[in-house]
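Remarks on the structure that follows.
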Amino acid sequence: MSGLTIRDVSKSYGSLTVLSGIDIEIDEGDFLVLVGPSGCGKSTLLNMVAGLEDITQGEILIGGRVVNDLEPSERDIAMVFQSYALYPTMSVAANIGFALEVRGVPKAERARAVAEVAGLLKIEHLLDRKPGQLSGGQRQRVAMGRALVRDPQLFLFDEPLSNLDAKLRVDMRTEIKSLHRKTGKTIVYVTHDQVEAMTLATRICVMEGGHIQQQGTPEEIYGNPANTFVAGFMGSPPMNLLPARAERKAGGGWMVSLSHQSRELVLPVPHCLPPGVDGRTVTIGFRPEHICQVASEADAAGAPVATCRIELTEPTGPDLFGILDLGGREAVCKLLLDVSVQAGSDALMRFDVARSCVFDAERSVRIDTSG
Amino acid sequence: MARRRRTPERVALYFTLALFAFLFLLPMYVLLVNSVKPLSEIQAGGMMALPQEWTLEPWRLAWSTAQIGVDATGLRPYFTNSLIMTVSAVALSTIIGAMNGYVLTQWTFPGHRVVFLLLLGTVFIPYQTVLIPMARMLGALNMAGTVPGLVLVHTLYGIGFTTLFYRNFYAAFPPELMRAARVDGAGLFRIFFRIVLPASVPITIVSVIWQFTSIWNDFLFGVSFSDFDSYPMTVALNNLVNTSTGVAEYNVHFAGAFIAAIPTLVIYLFAGKFFVRGLMAGSVKG
């Protein structure tokens with residue numbers, strides 16, 4: 001059965017269109033993450049699924065049922081908000097039980113449901129407190145408890161972790177993921193944090209400017225970005241997008257040339273490119289881990305290598321990144337941890353051209369096809 | 001932090017403050033001190049002096065036997081009138097203002113700004129200009145000269161103020177709370193009574209103090225729309241002072257005036273610090 005279907009949905013405020021042509025379909029039990037920069041329309045879309053915003057055009061189905069004209073309370077959903085939105089004058093127990101109280105669930109049954117959820121989230125000892133007496137992480141748990149107690153068909157999360165400090169955010173992220181595994185419920189989760197998207201999602205939908213840029217599994221989005229926006233947005237550090245000249249090789253196949261220092265790096269690419277780009281500038285994308293230092297040419301396993309000047313190094317602990325000048329841009333590459341490379345010195349770099357992506361320089365869309 | 005030294009500037013500052021405090025408290029002193037001395041001492045010219053003979057007789061006379069209307073009832077029945085009138089009108093205008101503010105910020109409808117501007121406009125209407133229309137309305141409703149009539153007048157006149165208070169307070173109310181409550185299935189009234197109103201204590205204190213003092217102290221509406229048996233305290237006090245037979249019993253007048261001031265004093269003493277706090281909260285957030 002389908003968990004959520006969004007069919008050709010648009011949203012406008014008067015003449016201002018904020019979302020157009022949104023098509024999403026996910027299965028029951030999927031964890032869909034809507035990710036994009038601020039103002040891309042992801043929260044608006046979530047609010048439309050929740051029933052807090054009207055749908056200008058198109059259809060939204062939850063569990064196969066059209067919900068366009070249903071009130072939020074009739075859609076069988078629960079929502080967790082960025083600010084937690086706990087009712088300030090009610091105790092934690094009353095907060096969690098409020099939705100059941102509204103539905104007229106008897107007191108004893110309500111208390112049992114609240115206790116069960118509190119146990120699941122380990123907040124039993126907080127039930128008598130007011131939200132003002134809780135820490136950020138505890139409020140976050142109560143907000144999740146309020147959603148869980150409903151046992152809805154669909155969970156909606158609106159940037160639930162962005163008010164937490166970095167360490168707590170990672171903890172809660174893990175907890176949300178294990179909660180999803182335990183309950184098996186369909187979740188739609190909005191975030192601007194691409195790491196959250198990658199770690200949590202079973203499906204990612206990257207949005208920008210009111211349009212879906214790409215949707216797919218985290219692996220597809222990361223490994224096969226559809227355009228330079230997705231390539232640059234997903235991944236940390238992001239994909240290096242470098243101007244290069246594409247040329248058809250004499251014996252068939254393609255190569256690209258990039259400027260480095262005062263010379264040209266010529267790299268063969270094992271992709272098929274459209275014939276029109278021969279001799280023209282394209283954008284080639286390399287993830288930092290695909291420009292990797294090697295100890296010797298023998299370690300390159302057949303991939304092209306070149307000696308490059310490392311301008312700066314950036315140690316992060318598990319990784320050592322270097323900055324080098326490629327095609328007039330600063331490109332991030334990965335250096336070997338056990339060979340200390342000084343800034344300003346040369347290193348032998350392996351270019352994993354098989355995993356590179358080629359984009360049209362003007363339209364920013366992907367143009368390579370595997371060859 | 002270093003302790004400040006007693007410079008001449010500070011001495012001057014405290015002297016000025018003390019002087020003004022003394023000036024402001026002087027009328028209260030005169031009121032109190034003359035309400036507990038026999039009339040003869042006042043007539044002898046000792047207005048500022050402490051009583052030589054302390055007596056609560058003027059208070060008793062003012063409260064229960066002074067001549068105000070047709071019968072010598074004292075201020076007691078009129079105090080009751082004022083209490084009923086003020087408490088009812090404060091409660092009604094506050095709850096209506098709260099609901100107005102809630103709907104105008106959280107359940108907005110096309111034209112809500114115009115409605116708010118019109119309500120705001122009523123704040124600037126002088127009492128005098130509404131006297132005649134109000135009198136005609138009360139006559140048509142057959143409520144002229146009654147306490148419920150006064151309650152109606154004060155409620156209507158107060159809605160503009162209370163709406164303004166609550167609207168500004170609720171404008172800063174987190175919209176996500178409303179959304180959460182809607183997802184939880186609560187409707188307009190349940191959200192108001194269970195979530196919004198319990199979180200409105202500061203602004204409710206402001207509204208109650210404001211409305212209580214202005215309604216309790218009102219004279220114009222009281223004198224215009226009440227009758228012998230529905231006079232509020234302010235009108236009764238005026239009659240007490242003006243209709244004395246023979247000699248003017250200043251000590252009784254002073255006692256009566258003080259009785260009239262007690263409820264507002266009590267409200268200020270108990271809730272005054274919340275008043276300032278609530279006003280500031282509204283202004284900073286709104």
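Letters for chains follow the order of the structure tokens (A, B, ...), residue numbers begin at 1 for each chain, and ligand numbers begin at 1 in the order shown.
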
Expected answer as an mmCIF file with N, CA and C atoms, in the first residue's frame: chain A residues within 9 Å of chain B, only C-alpha atoms:
data_model
loop_
_atom_site.group_PDB
_atom_site.id
_atom_site.type_symbol
_atom_site.label_atom_id
_atom_site.label_comp_id
_atom_site.auth_asym_id
_atom_site.auth_seq_id
_atom_site.Cartn_x
_atom_site.Cartn_y
_atom_site.Cartn_z
ATOM 1 N N ALA A 50 0.029 18.168 6.042
ATOM 2 C CA ALA A 50 -0.592 18.170 7.366
ATOM 3 C C ALA A 50 -2.005 18.742 7.337
ATOM 4 N N GLY A 51 -2.284 19.555 6.320
ATOM 5 C CA GLY A 51 -3.597 20.197 6.265
ATOM 6 C C GLY A 51 -3.594 21.565 6.907
ATOM 7 N N LEU A 52 -2.405 22.106 7.167
ATOM 8 C CA LEU A 52 -2.313 23.438 7.766
ATOM 9 C C LEU A 52 -2.241 24.521 6.696
ATOM 10 N N GLU A 71 -9.673 18.169 7.452
ATOM 11 C CA GLU A 71 -9.002 18.916 8.510
ATOM 12 C C GLU A 71 -7.744 18.143 8.952
ATOM 13 N N PRO A 72 -6.744 18.840 9.514
ATOM 14 C CA PRO A 72 -5.543 18.129 9.984
ATOM 15 C C PRO A 72 -5.891 16.949 10.896
ATOM 16 N N SER A 73 -6.888 17.148 11.759
ATOM 17 C CA SER A 73 -7.222 16.108 12.732
ATOM 18 C C SER A 73 -7.884 14.894 12.083
ATOM 19 N N GLU A 74 -8.372 15.069 10.848
ATOM 20 C CA GLU A 74 -9.046 13.950 10.169
ATOM 21 C C GLU A 74 -8.105 13.183 9.248
ATOM 22 N N ARG A 75 -6.838 13.602 9.196
ATOM 23 C CA ARG A 75 -5.932 12.997 8.212
ATOM 24 C C ARG A 75 -5.138 11.822 8.758
ATOM 25 N N ILE A 77 -2.651 11.862 10.999
ATOM 26 C CA ILE A 77 -1.236 12.238 10.988
ATOM 27 C C ILE A 77 -0.866 12.759 12.372
ATOM 28 N N ALA A 78 0.428 12.808 12.634
ATOM 29 C CA ALA A 78 0.916 13.500 13.818
ATOM 30 C C ALA A 78 2.142 14.274 13.393
ATOM 31 N N MET A 79 2.397 15.376 14.076
ATOM 32 C CA MET A 79 3.449 16.269 13.598
ATOM 33 C C MET A 79 4.350 16.697 14.755
ATOM 34 N N VAL A 80 5.643 16.790 14.461
ATOM 35 C CA VAL A 80 6.611 17.308 15.438
ATOM 36 C C VAL A 80 7.171 18.603 14.860
ATOM 37 N N PHE A 81 7.123 19.664 15.671
ATOM 38 C CA PHE A 81 7.480 20.985 15.163
ATOM 39 C C PHE A 81 8.889 21.379 15.589
ATOM 40 N N GLN A 82 9.458 22.320 14.831
ATOM 41 C CA GLN A 82 10.813 22.797 15.113
ATOM 42 C C GLN A 82 10.927 23.380 16.518
ATOM 43 N N SER A 83 9.930 24.168 16.922
ATOM 44 C CA SER A 83 9.977 24.784 18.252
ATOM 45 C C SER A 83 9.354 23.878 19.306
ATOM 46 N N TYR A 84 9.055 22.649 18.941
ATOM 47 C CA TYR A 84 8.406 21.638 19.799
ATOM 48 C C TYR A 84 6.941 21.954 20.050
ATOM 49 N N ALA A 85 6.604 23.275 20.178
ATOM 50 C CA ALA A 85 5.211 23.694 20.337
ATOM 51 C C ALA A 85 4.502 22.916 21.436
ATOM 52 N N LEU A 86 5.158 22.797 22.589
ATOM 53 C CA LEU A 86 4.500 22.158 23.730
ATOM 54 C C LEU A 86 3.569 23.172 24.378
ATOM 55 N N TYR A 87 2.414 22.682 24.874
ATOM 56 C CA TYR A 87 1.457 23.590 25.502
ATOM 57 C C TYR A 87 2.028 24.033 26.846
ATOM 58 N N PRO A 88 2.326 25.342 26.992
ATOM 59 C CA PRO A 88 3.164 25.777 28.116
ATOM 60 C C PRO A 88 2.540 25.579 29.490
ATOM 61 N N THR A 89 1.218 25.601 29.586
ATOM 62 C CA THR A 89 0.605 25.536 30.918
ATOM 63 C C THR A 89 0.210 24.118 31.311
ATOM 64 N N MET A 90 0.415 23.152 30.413
ATOM 65 C CA MET A 90 0.037 21.770 30.731
ATOM 66 C C MET A 90 1.279 20.972 31.137
ATOM 67 N N PHE A 98 -3.057 15.117 25.217
ATOM 68 C CA PHE A 98 -4.060 16.093 24.781
ATOM 69 C C PHE A 98 -4.864 15.617 23.560
ATOM 70 N N ALA A 99 -4.160 15.054 22.577
ATOM 71 C CA ALA A 99 -4.860 14.621 21.365
ATOM 72 C C ALA A 99 -5.887 13.533 21.696
ATOM 73 N N LEU A 100 -5.542 12.668 22.651
ATOM 74 C CA LEU A 100 -6.470 11.607 23.043
ATOM 75 C C LEU A 100 -7.654 12.208 23.798
ATOM 76 N N VAL A 102 -8.882 15.177 23.369
ATOM 77 C CA VAL A 102 -9.757 15.815 22.378
ATOM 78 C C VAL A 102 -10.651 14.771 21.713
ATOM 79 N N ARG A 103 -10.105 13.579 21.507
ATOM 80 C CA ARG A 103 -10.874 12.524 20.858
ATOM 81 C C ARG A 103 -11.823 11.807 21.819
ATOM 82 N N ARG A 146 4.196 13.155 21.995
ATOM 83 C CA ARG A 146 2.875 13.662 21.641
ATOM 84 C C ARG A 146 2.443 13.127 20.268
ATOM 85 N N ALA A 147 3.438 12.957 19.391
ATOM 86 C CA ALA A 147 3.115 12.409 18.070
ATOM 87 C C ALA A 147 2.899 10.899 18.136
ATOM 88 N N ARG A 150 -0.449 9.050 19.334
ATOM 89 C CA ARG A 150 -1.607 9.031 18.441
ATOM 90 C C ARG A 150 -1.642 7.754 17.610
#

Problem set entry | All strand (DSSP E or B) positions in segment 4-189 of chain A, as a ChimeraX atom specification | /A:4-13,16-27,31-35,57-62,65-66,77-80,154-158,186-189

Problem set entry | Per-residue DSSP, segment 11-115 of chain B, filtered to helix (DSSP H, G or I), as number ranges by chain | B: 11-35, 39-43, 57-65, 76-106, 112-115

For this session: Quick one: everything within 7 Å of Val269 of chain A, counting only C-alpha atoms, minus sequence neighbours fewer than 6 positions away in the same chain. Send it as a PyMOL selection string.
Result: chain A and resi 254-256+353-354

Problem set entry | Selection near Gly136 of chain A, 9 Å with only C-alpha atoms, sequence-local residues under 5 positions removed, as a VMD selection string | chain A and resid 141 163 to 165 168

Problem set entry | Which residue of A:Val117, A:Thr44, A:Lys107, A:Arg355 approaches Asp158 of chain A most closely, using only C-alpha atoms |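 So, comparing all the options, the nearest one is A:Thr44.
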
For this session: Pick out the residues sitting within 7 Å of Ser10 of chain A, and hand them over as a list in words; count only C-alpha atoms, and ignore anything fewer than 3 positions along from it in its own chain.
Result: Leu19, Ser20, Gly21, Ile22, Ile55, Thr56, Gln57 and Gly58 of chain A

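You will find atom CA of Pro315 of chain A at 26.1 Å from atom CA of Cys357 of chain A.
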
Exercise. Hey, what's within 7 Å of Ser43 of chain A if we count only C-alpha atoms and toss same-chain stuff fewer than 3 positions away? As a PyMOL selection string, please?
Worked result: chain A and resi 46-47+158+190

Write the residues of the selection above to a file with N, CA, C and O atoms, as a compact mmCIF listing (two decimals), in the first residue's frame.
# COMPACT_ATOMS: atom_id res chain seq x y z
N LEU A 46 5.18 20.32 3.53
CA LEU A 46 4.84 19.52 4.70
C LEU A 46 3.54 20.01 5.34
O LEU A 46 2.68 19.21 5.72
N ASN A 47 3.40 21.34 5.43
CA ASN A 47 2.17 21.89 6.00
C ASN A 47 0.95 21.56 5.15
O ASN A 47 -0.16 21.43 5.67
N ASP A 158 8.97 18.58 11.21
CA ASP A 158 9.38 19.84 10.60
C ASP A 158 10.65 20.33 11.28
O ASP A 158 10.60 20.96 12.33
N VAL A 190 11.32 17.07 7.25
CA VAL A 190 11.86 18.24 6.56
C VAL A 190 13.13 18.70 7.26
O VAL A 190 13.16 18.79 8.48

Problem set entry | Selection: 8 Å around segment 181-184 of chain A, only C-alpha atoms, excl. self and same-chain fewer than 3 positions, as a ChimeraX atom specification | /A:29,177-178

Those same residues, written as a PDB file, in the first residue's frame with N, CA and C atoms?
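Final file, again36.pdb:
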ATOM      1  N   GLY A  29       5.920   2.775   5.359  1.00  0.00           N
ATOM      2  CA  GLY A  29       7.151   2.444   6.061  1.00  0.00           C
ATOM      3  C   GLY A  29       8.366   3.178   5.557  1.00  0.00           C
ATOM      4  N   LYS A 177      15.950   7.474  14.127  1.00  0.00           N
ATOM      5  CA  LYS A 177      16.129   6.371  13.186  1.00  0.00           C
ATOM      6  C   LYS A 177      15.726   5.032  13.818  1.00  0.00           C
ATOM      7  N   SER A 178      16.117   4.831  15.068  1.00  0.00           N
ATOM      8  CA  SER A 178      15.771   3.542  15.683  1.00  0.00           C
ATOM      9  C   SER A 178      14.278   3.481  15.979  1.00  0.00           C
TER      10      SER A 178
END

Problem set entry | Counting only C-alpha atoms, the option among B:Ala171, B:Ile68, B:Ile209, B:Ala135 closest to Val235 of chain B |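 Between B:Ala171, B:Ile68, B:Ile209, B:Ala135, the residue approaching Val235 of chain B most closely is B:Ile68.
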
For this session: Name the closest residue to Ser93 of chain B among the candidates B:Phe258, B:Phe228, B:Phe212, B:Tyr170; distances are taken between atoms, counting only C-alpha atoms.
Result: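 Going through B:Phe258, B:Phe228, B:Phe212, B:Tyr170 one by one, the smallest distance to Ser93 of chain B is for B:Phe212.
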
Exercise. Between B:Leu104, B:Ile125, B:Leu75, B:Ile159, which has the minimum distance to Thr234 of chain B (counting only C-alpha atoms)?
Worked result: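 The closest residue to Thr234 of chain B is B:Leu75.
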
Exercise. Expressed in Å to a single decimal, how great is the separation between atom CA of Ile187 of chain A and atom CA of Ala201 of chain A?
Worked result: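 Straight-line distance from atom CA of Ile187 of chain A to atom CA of Ala201 of chain A works out to 9.2 Å.
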